[in-house]
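J.: Okay, handing you the structure first.
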Amino acid sequence: MINVKIERRLEQPRWLSVAVPVVSVAFSFLVMAVVLAVTGHDPWNTYRRLFDAAFVGSTAWTFTLESATPLLFTGLAAAAAFRMQLFNIGAEGQLYLGAIGAAGIAIWLGPHQSLTVTILMMCLCGGAAGALWALIPGALKAFGRTNEIITSLMLNYVAGQLLTYLIFDSASPWRDLSTVQTRSFPQAIPLKPSQFWPFPAPFDVSVHFGFFLALGVAVVLFVLFRFTRFGFEMNVIGDSPRAARYSGMRTRRKILAVMAISGAIAGLGGASQVGDVAHELDASPQGLQSANYGYTGIVVAALGRYNPIAVCLVAVLIGGLQNAGTFLAGADFPSGLVGVMQGIILFCALGGELLIRYRVRIPGHARVVAEDVPPAEVEAS
Amino acid sequence: MRGITKRFPGVVANDGVDFEAAAGEVHALLGENGAGKSTLSNILTGLYLQDEGTISLYGEPVRFHSPSDAIDAGIAMVHQHFRLVPPFSVAENIILGEHRAEARKLLVHPRQIERRVAELGRRYSVAVEPRARVWQLSVGEQQRVEILKALYREARILILDEPTAVLTPQESDALFETLRTMAAEGRTVIFISHKLHEVKAVADRVTVLRGGKSIATVVAAEATPRQLAAMMVGRDVELAARKERAAPPREDIAFEVEGLCVRGDRGEEAVRDLSLTVRSGEIVGVAGVAGNGQRELAEAVTGMRAPTSGTVTVAGRKLKTSDPRSAIAAGVAHVPEDRLGTGVAPSLSIAENSVLKSYRGRTVSSGPFLRWRAIGRHAVDLIHRYAVATPGPHLRARDLSGGNLQKLVLGREFSGQPKVLIAASPTRGLDVGAIETVHSYLREAASDGVAVLLISEDLDEILALADRVLVIYEGRITGAFDPGTATVEEIGLSMAGGERE
């Protein structure tokens, strides 16, 4: 009998953190090739179409970057919090709240403000709404020691219900009640074209304003993590809360601040969805709530190892995959299969992460490479 | 065990070690940390498989592929950190993981087991109430449970890893009696230690390990502690002896604790109405058996834990309680008991850890930004000044050895120019060489006028360093001694809760 053991690596060689994701993505394509072949599709041809649809030509890039933008925001939101071991699963809800805030202020301001003011106010209100929503689990964590995973996750459902309520179940300021038709078939008040966020097209590829905004956020986060005392404190708290307390850091404040930052980034994502894409508070079942940006963002952050720059790259890759998926789905290619493919790729990529932190050992066969650490310490760590 | 070799990436933990112990003897395994004692015992108990070499039991060659192989062969181990389940009773813990048929049956007969446990307890004078829950027991009693577990399984070979670290001198003596009884019955007791006088007291023979190699096996009665120490370290060493410091204690009271009450993790009263003072340049040692409120005391006076009442005063000014930052600002340095999880952030670099408390200061930060160059220079400086052995300041703190980690922590704490130093078990788990260094740093600090509160379970250490010895028992100071005149027995009695005449 082959006895396989999985044990924790004490050292994580640098090359692994590059090799493992690459190999696991390659592996996922191999697995998917089998699935494709079994279902009667030519794998090679499918992959070519997939790649073309995602990354070849200006139209492909336009759609890829559009899909990537919300993932960038939610990925950065998750990365900001997870880096301090603060597991904010609530980017989904914070994004809804951001959309609500941004749409609300845009409606209130009306179409006659300058676009700069409109964008600024939408970002401000969207970010603030997301931050406040995130501060609920943040405060509960800081003062009540509740588990932020549960509370932030639960609030996603509350936020979803709120979104539905504002458009479908109430006469809220977000809802269009101007015509008989919209009174019986609920609809959100659309933004006026003068309020649409710019959609410039450098190099033939049209890129939403939100994408640049997200890149800006990534750079700010990078600087914050790398060069500031705040980032240093986040690292210490994330690594050892006791050491942080020992060195006199104000852990509670940091939890609140980081939750607010994380929520604000997700909220900006919501604002960008309103200003860039939907141009209204899209509460329909096919809208914001179906996209799962918040949850995919967690995957993006994990694959990017919580590094803001890496998160940008991963978001574009995943965005491309999603974009190509919608493109592929058609008569000869069921959309379910697209889902399977995306699932396998994400599964392999995340499963590969395990190999960075753990090693598989087959006693008696492979070289025995345990570490000289008393068992008690291994358990403790 | 013949020619045992075990390699780990980068190190050879055991290099051709020969070790043999006879039935009916207490055999000590002596060596510094990192000498290979733990690896050797882990091989013998089946946790690791040796790369080379053979193990024979009673003449039969054996090969252990897992701990259960070793248990089946009659080998039991009492680890330093006990493997007990706190909410379970003593009897339940003893039959946990028991392989033989009687415990495998669906129904266990608690009465029968309890009777047997009680009987074993009487015979080897390690009596513990079989129905007591483990969490209710003192550390010494928990150790007895571990020994009972081995006896219940009829282990022929018992390995004890540093068993006296958690005991009073009197409890240690009682343990030695038990071990002798077991040996007299023909069992083999392997006693791992780095304390020379214990080895002398209990062992028939001693095998000394150094740098992964077996240096010598000698008859305990024929070797002097000095010889053993020299074999262990590889050179002549000063045994922990009192040394006069450059400067005597001063008159002014630098640190004062008054009426301190602190609750422990389980809500129990861990420190009860405790008061003490430390003068500038004085080392006050707080001796006691582990778990008598030392941790809570150290945490409360450094602001890590909120006291329920009482005050801590530094140089005449009261500290804000439960606020580490105010303690740091007042000049209270802290060498915590748990140096890896509390004293440093283990995954961050040496450089980052060297500014853990000073990163807000002008020298290493400007505005919201950190000055990484200055931090790097600071770290290099600290590494040189305190002789931290490391390839560079970018190494993760967790990759440092215990001794070097402690040098880093001490160096960082001293660089804050403290008025008071709270040192909790500063040399626990360190090797002889590192202990010497840490002690000399503590003496140096006191000579510079720092008030040092040394909280330690190692009585030898306290006697070697302290100007005054206080004994803590169940959260109270129960005795005050002059280390120059008091005997170990007197202090030990007080540590066990005995009243002083």
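Ligands are numbered from 1 in the order shown, chains are lettered A, B, ... in the order of the structure tokens, and residues start at 1 in each chain.
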Can you work out which residues from chain A touch chain B at a cut-off of 6 Å (counting only C-alpha atoms) and hand them back as an MDAnalysis selection string?

T.: chainID A and resid 227:229 236 239:240 242:243 247:248 371

J.: Could those residues be written to a file, using N, CA and C atoms, as an mmCIF file, in the first residue's frame?

T.:
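result.cif, freshly written:
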data_model
loop_
_atom_site.group_PDB
_atom_site.id
_atom_site.type_symbol
_atom_site.label_atom_id
_atom_site.label_comp_id
_atom_site.auth_asym_id
_atom_site.auth_seq_id
_atom_site.Cartn_x
_atom_site.Cartn_y
_atom_site.Cartn_z
ATOM 1 N N PHE A 227 5.424 50.602 1.928
ATOM 2 C CA PHE A 227 6.287 51.673 2.410
ATOM 3 C C PHE A 227 5.777 52.408 3.648
ATOM 4 N N THR A 228 4.601 52.069 4.149
ATOM 5 C CA THR A 228 4.087 52.888 5.247
ATOM 6 C C THR A 228 4.053 52.134 6.570
ATOM 7 N N ARG A 229 3.969 52.908 7.639
ATOM 8 C CA ARG A 229 3.845 52.317 8.970
ATOM 9 C C ARG A 229 2.549 51.533 9.066
ATOM 10 N N VAL A 236 2.281 42.967 10.760
ATOM 11 C CA VAL A 236 2.540 42.404 12.097
ATOM 12 C C VAL A 236 1.250 41.809 12.660
ATOM 13 N N ASP A 239 0.410 38.625 10.994
ATOM 14 C CA ASP A 239 1.301 37.516 11.314
ATOM 15 C C ASP A 239 1.112 37.047 12.746
ATOM 16 N N SER A 240 1.000 37.958 13.677
ATOM 17 C CA SER A 240 0.847 37.567 15.074
ATOM 18 C C SER A 240 0.166 38.678 15.857
ATOM 19 N N ARG A 242 -0.694 38.745 18.820
ATOM 20 C CA ARG A 242 -0.077 38.924 20.143
ATOM 21 C C ARG A 242 1.161 39.799 20.054
ATOM 22 N N ALA A 243 1.978 39.541 19.028
ATOM 23 C CA ALA A 243 3.168 40.370 18.858
ATOM 24 C C ALA A 243 2.767 41.815 18.613
ATOM 25 N N SER A 247 3.773 44.957 20.973
ATOM 26 C CA SER A 247 4.551 46.116 20.569
ATOM 27 C C SER A 247 3.732 47.397 20.596
ATOM 28 N N GLY A 248 2.570 47.338 21.214
ATOM 29 C CA GLY A 248 1.818 48.556 21.465
ATOM 30 C C GLY A 248 0.987 49.049 20.295
ATOM 31 N N GLU A 371 11.172 18.033 8.844
ATOM 32 C CA GLU A 371 12.010 19.060 9.447
ATOM 33 C C GLU A 371 12.242 18.726 10.909
#

J.: Which residues, written as a list in words, have at least one atom at most 6 Å from stretch 204-211 of chain A, with only C-alpha atoms counted and residues fewer than 5 positions away on the same chain left out?

T.: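 Once the nearby chain positions are removed, what remains is Ser58, Thr62, Thr69, Pro198, Phe199 and Ser272 of chain A.
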
J.: Now that the selection is made, can you save its residues with N, CA and C atoms as a PDB file, in the first residue's frame?

T.:
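New file selection_36.pdb:
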ATOM      1  N   SER A  58      -8.919  44.118 -30.654  1.00  0.00           N
ATOM      2  CA  SER A  58      -9.321  45.195 -29.744  1.00  0.00           C
ATOM      3  C   SER A  58     -10.685  44.933 -29.125  1.00  0.00           C
ATOM      4  N   THR A  62     -11.449  44.908 -25.183  1.00  0.00           N
ATOM      5  CA  THR A  62     -12.449  45.804 -24.609  1.00  0.00           C
ATOM      6  C   THR A  62     -13.354  45.051 -23.642  1.00  0.00           C
ATOM      7  N   THR A  69     -12.789  44.705 -14.685  1.00  0.00           N
ATOM      8  CA  THR A  69     -12.843  45.867 -13.794  1.00  0.00           C
ATOM      9  C   THR A  69     -13.493  45.587 -12.430  1.00  0.00           C
ATOM     10  N   PRO A 198     -16.548  58.360 -18.450  1.00  0.00           N
ATOM     11  CA  PRO A 198     -15.880  58.323 -19.771  1.00  0.00           C
ATOM     12  C   PRO A 198     -15.438  56.912 -20.145  1.00  0.00           C
ATOM     13  N   PHE A 199     -15.352  56.713 -21.428  1.00  0.00           N
ATOM     14  CA  PHE A 199     -15.058  55.391 -21.969  1.00  0.00           C
ATOM     15  C   PHE A 199     -14.012  55.576 -23.076  1.00  0.00           C
ATOM     16  N   SER A 272     -18.452  52.099  -9.909  1.00  0.00           N
ATOM     17  CA  SER A 272     -17.987  51.947 -11.284  1.00  0.00           C
ATOM     18  C   SER A 272     -18.994  51.158 -12.127  1.00  0.00           C
TER      19      SER A 272
END

J.: Near A:Leu30, within 12 Å and counting only C-alpha atoms, which residues show up once chain neighbours fewer than 4 positions away are dropped, as a short mmCIF file (atom, residue, chain, number, x, y, z; two decimals) with C-alpha atoms, in the first residue's frame?

T.:
data_model
loop_
_atom_site.label_atom_id
_atom_site.label_comp_id
_atom_site.auth_asym_id
_atom_site.auth_seq_id
_atom_site.Cartn_x
_atom_site.Cartn_y
_atom_site.Cartn_z
CA VAL A 23 1.68 24.31 -13.60
CA SER A 24 -1.75 24.12 -12.02
CA VAL A 25 -3.34 26.25 -14.74
CA ALA A 26 -1.65 24.08 -17.35
CA VAL A 34 -10.44 15.37 -21.43
CA VAL A 35 -13.86 16.78 -20.58
CA LEU A 36 -14.05 18.51 -23.94
CA ALA A 37 -12.99 15.42 -25.82
CA PRO A 43 -9.98 20.70 -27.27
CA TRP A 44 -7.30 22.38 -29.32
CA TYR A 47 -8.77 26.61 -26.59
CA MET A 341 -14.33 24.94 -17.61
CA ILE A 344 -11.94 23.47 -13.25
CA ILE A 345 -9.43 26.22 -13.86
CA CYS A 348 -6.86 23.61 -10.00
#

J.: For B:Ser172, work out the shell of residues within 12 Å, counting only C-alpha atoms and skipping chain neighbours fewer than 6 positions away, then give it as a list in words.

T.: Gly140, Glu141, Gln143, Arg144, Glu162, Pro163, Thr164, Ala165, Val166, Thr178, Leu179, His197, Glu198, Val199, Ala201, Val202, Val289, Gly492 and Ala496 of chain B

J.: So that I can check the surroundings of A:Ala134, please list as an MDAnalysis selection string every protein, DNA and RNA residue that reaches within 12 Å of it, counting only C-alpha atoms and ignoring chain neighbours fewer than 5 positions away.

T.: chainID A and resid 77:78 81 86:98 127:129 139:141 148:149 151:156 159 255:267

J.: Could you tell me, as a ChimeraX atom specification, which residues of stretch 103-336 of chain A DSSP assigns to alpha helix (DSSP H) when given the backbone?

T.: /A:103-109,115-144,148-168,180-184,209-227,229-239,241-246,251-272,288-291,293-303,308-328,335-336

J.: With C-alpha atoms kept, could you save the residues just selected as a compact mmCIF listing (two decimals), in the first residue's frame?

T.:
# COMPACT_ATOMS: atom_id res chain seq x y z
CA ALA A 103 -26.67 55.76 -8.03
CA GLY A 104 -28.41 57.70 -5.27
CA ILE A 105 -26.07 60.66 -5.40
CA ALA A 106 -26.11 60.70 -9.20
CA ILE A 107 -29.91 60.85 -9.19
CA TRP A 108 -29.91 63.51 -6.52
CA LEU A 109 -27.33 65.67 -8.29
CA LEU A 115 -19.00 65.27 -15.08
CA THR A 116 -15.98 65.70 -12.79
CA VAL A 117 -18.21 66.63 -9.86
CA THR A 118 -20.57 63.76 -10.64
CA ILE A 119 -17.78 61.19 -10.79
CA LEU A 120 -16.14 62.53 -7.67
CA MET A 121 -19.38 62.48 -5.70
CA MET A 122 -20.33 59.02 -6.99
CA CYS A 123 -16.95 57.64 -5.93
CA LEU A 124 -17.16 59.37 -2.59
CA CYS A 125 -20.68 58.19 -1.81
CA GLY A 126 -20.14 54.72 -3.24
CA GLY A 127 -16.91 54.27 -1.29
CA ALA A 128 -18.43 55.63 1.89
CA ALA A 129 -21.47 53.37 1.62
CA GLY A 130 -19.25 50.32 1.09
CA ALA A 131 -17.00 51.35 3.97
CA LEU A 132 -19.90 51.84 6.37
CA TRP A 133 -21.36 48.47 5.40
CA ALA A 134 -17.98 46.84 6.02
CA LEU A 135 -17.63 48.63 9.34
CA ILE A 136 -20.57 46.64 10.71
CA PRO A 137 -18.64 43.35 10.77
CA GLY A 138 -15.49 45.36 11.50
CA ALA A 139 -16.91 46.88 14.66
CA LEU A 140 -18.40 43.56 15.72
CA LYS A 141 -14.98 42.00 15.30
CA ALA A 142 -13.08 44.77 17.05
CA PHE A 143 -15.40 45.17 20.02
CA GLY A 144 -17.33 41.94 20.23
CA GLU A 148 -15.92 38.45 10.65
CA ILE A 149 -16.24 35.66 8.10
CA ILE A 150 -19.76 34.85 9.24
CA THR A 151 -20.97 38.39 9.82
CA SER A 152 -19.61 39.82 6.60
CA LEU A 153 -20.98 36.89 4.63
CA MET A 154 -24.44 37.21 6.16
CA LEU A 155 -24.55 40.91 5.40
CA ASN A 156 -24.18 40.04 1.71
CA TYR A 157 -27.66 38.58 1.78
CA VAL A 158 -29.00 41.58 3.62
CA ALA A 159 -27.44 43.86 1.02
CA GLY A 160 -28.96 41.77 -1.77
CA GLN A 161 -32.41 42.01 -0.21
CA LEU A 162 -31.94 45.75 0.24
CA LEU A 163 -31.13 46.10 -3.43
CA THR A 164 -34.24 44.18 -4.43
CA TYR A 165 -36.36 46.14 -1.96
CA LEU A 166 -35.25 49.52 -3.26
CA ILE A 167 -36.31 48.77 -6.83
CA PHE A 168 -39.00 46.13 -6.60
CA VAL A 180 -47.49 53.88 -15.87
CA GLN A 181 -45.35 51.20 -17.38
CA THR A 182 -42.51 51.52 -14.86
CA ARG A 183 -45.01 51.67 -12.05
CA SER A 184 -46.26 48.20 -12.91
CA PHE A 209 -12.85 54.88 -16.51
CA GLY A 210 -13.35 52.43 -13.64
CA PHE A 211 -10.49 50.30 -14.87
CA PHE A 212 -8.04 53.18 -14.50
CA LEU A 213 -9.53 54.02 -11.16
CA ALA A 214 -8.93 50.45 -10.02
CA LEU A 215 -5.34 50.55 -11.24
CA GLY A 216 -4.89 53.72 -9.23
CA VAL A 217 -6.29 51.99 -6.17
CA ALA A 218 -3.86 49.10 -6.74
CA VAL A 219 -0.90 51.45 -6.82
CA VAL A 220 -2.07 53.20 -3.66
CA LEU A 221 -2.48 49.86 -1.92
CA PHE A 222 0.93 48.74 -3.09
CA VAL A 223 2.55 51.84 -1.61
CA LEU A 224 0.49 51.47 1.55
CA PHE A 225 1.54 47.87 2.07
CA ARG A 226 5.14 48.35 1.13
CA PHE A 227 6.29 51.67 2.41
CA ARG A 229 3.84 52.32 8.97
CA PHE A 230 0.23 51.41 8.44
CA GLY A 231 1.21 48.60 6.11
CA PHE A 232 3.88 47.45 8.54
CA GLU A 233 1.32 47.29 11.32
CA MET A 234 -1.01 45.32 9.06
CA ASN A 235 1.76 42.81 8.42
CA VAL A 236 2.54 42.40 12.10
CA ILE A 237 -1.12 42.06 13.09
CA GLY A 238 -1.68 39.58 10.28
CA ASP A 239 1.30 37.52 11.31
CA PRO A 241 -1.85 39.56 16.85
CA ARG A 242 -0.08 38.92 20.14
CA ALA A 243 3.17 40.37 18.86
CA ALA A 244 1.19 43.37 17.63
CA ARG A 245 -0.36 43.93 21.04
CA TYR A 246 3.01 43.37 22.64
CA THR A 251 -5.21 46.52 16.96
CA ARG A 252 -8.85 47.55 17.17
CA ARG A 253 -8.38 50.75 15.27
CA LYS A 254 -6.48 48.87 12.63
CA ILE A 255 -9.29 46.35 12.23
CA LEU A 256 -11.78 49.17 11.77
CA ALA A 257 -9.54 51.05 9.38
CA VAL A 258 -8.75 48.03 7.25
CA MET A 259 -12.38 46.94 7.07
CA ALA A 260 -13.31 50.47 6.01
CA ILE A 261 -10.61 50.51 3.33
CA SER A 262 -11.66 47.10 2.07
CA GLY A 263 -15.34 48.08 2.02
CA ALA A 264 -14.57 51.39 0.34
CA ILE A 265 -12.71 49.66 -2.48
CA ALA A 266 -15.59 47.25 -3.02
CA GLY A 267 -17.96 50.23 -2.88
CA LEU A 268 -15.94 51.97 -5.59
CA GLY A 269 -16.45 48.83 -7.62
CA GLY A 270 -20.20 49.27 -7.20
CA ALA A 271 -19.96 52.93 -8.20
CA SER A 272 -17.99 51.95 -11.28
CA LEU A 288 -25.34 42.84 -10.16
CA GLN A 289 -26.62 40.02 -8.01
CA SER A 290 -25.99 37.34 -10.58
CA ALA A 291 -22.38 38.23 -11.26
CA TYR A 293 -18.14 39.78 -8.27
CA GLY A 294 -17.48 39.75 -4.53
CA TYR A 295 -16.89 36.02 -4.34
CA THR A 296 -14.83 35.83 -7.50
CA GLY A 297 -12.80 38.70 -6.09
CA ILE A 298 -11.76 36.49 -3.19
CA VAL A 299 -10.43 33.94 -5.65
CA VAL A 300 -8.64 36.70 -7.55
CA ALA A 301 -7.05 37.95 -4.34
CA ALA A 302 -5.98 34.47 -3.31
CA LEU A 303 -4.42 33.72 -6.68
CA PRO A 308 -2.07 44.39 -5.38
CA ILE A 309 -0.03 44.27 -8.58
CA ALA A 310 -0.48 40.52 -8.98
CA VAL A 311 -4.19 40.96 -8.27
CA CYS A 312 -4.40 43.25 -11.31
CA LEU A 313 -2.87 40.60 -13.57
CA VAL A 314 -5.06 37.82 -12.20
CA ALA A 315 -8.19 39.96 -12.52
CA VAL A 316 -7.44 40.54 -16.20
CA LEU A 317 -6.88 36.82 -16.76
CA ILE A 318 -10.07 35.82 -15.00
CA GLY A 319 -11.90 38.65 -16.72
CA GLY A 320 -10.70 37.28 -20.05
CA LEU A 321 -11.89 33.83 -19.13
CA GLN A 322 -15.33 35.12 -18.22
CA ASN A 323 -15.56 37.21 -21.33
CA ALA A 324 -14.48 34.32 -23.54
CA GLY A 325 -16.93 32.06 -21.77
CA THR A 326 -19.88 34.23 -22.72
CA PHE A 327 -18.52 34.44 -26.24
CA LEU A 328 -18.05 30.67 -26.60
CA SER A 335 -23.04 27.45 -21.45
CA GLY A 336 -22.93 24.81 -18.73

J.: When you count only C-alpha atoms, which of these residues is closest to A:Val274: A:Ala33, A:Ala68, A:Leu50, A:Ala102?

T.: A:Ala102

J.: For stretch 441-447 of chain B, list every protein, DNA or RNA residue within 12 Å, evaluated using only C-alpha atoms, and leave out those in the same chain fewer than 5 positions away; present the list as a count of residues only.

T.: 55
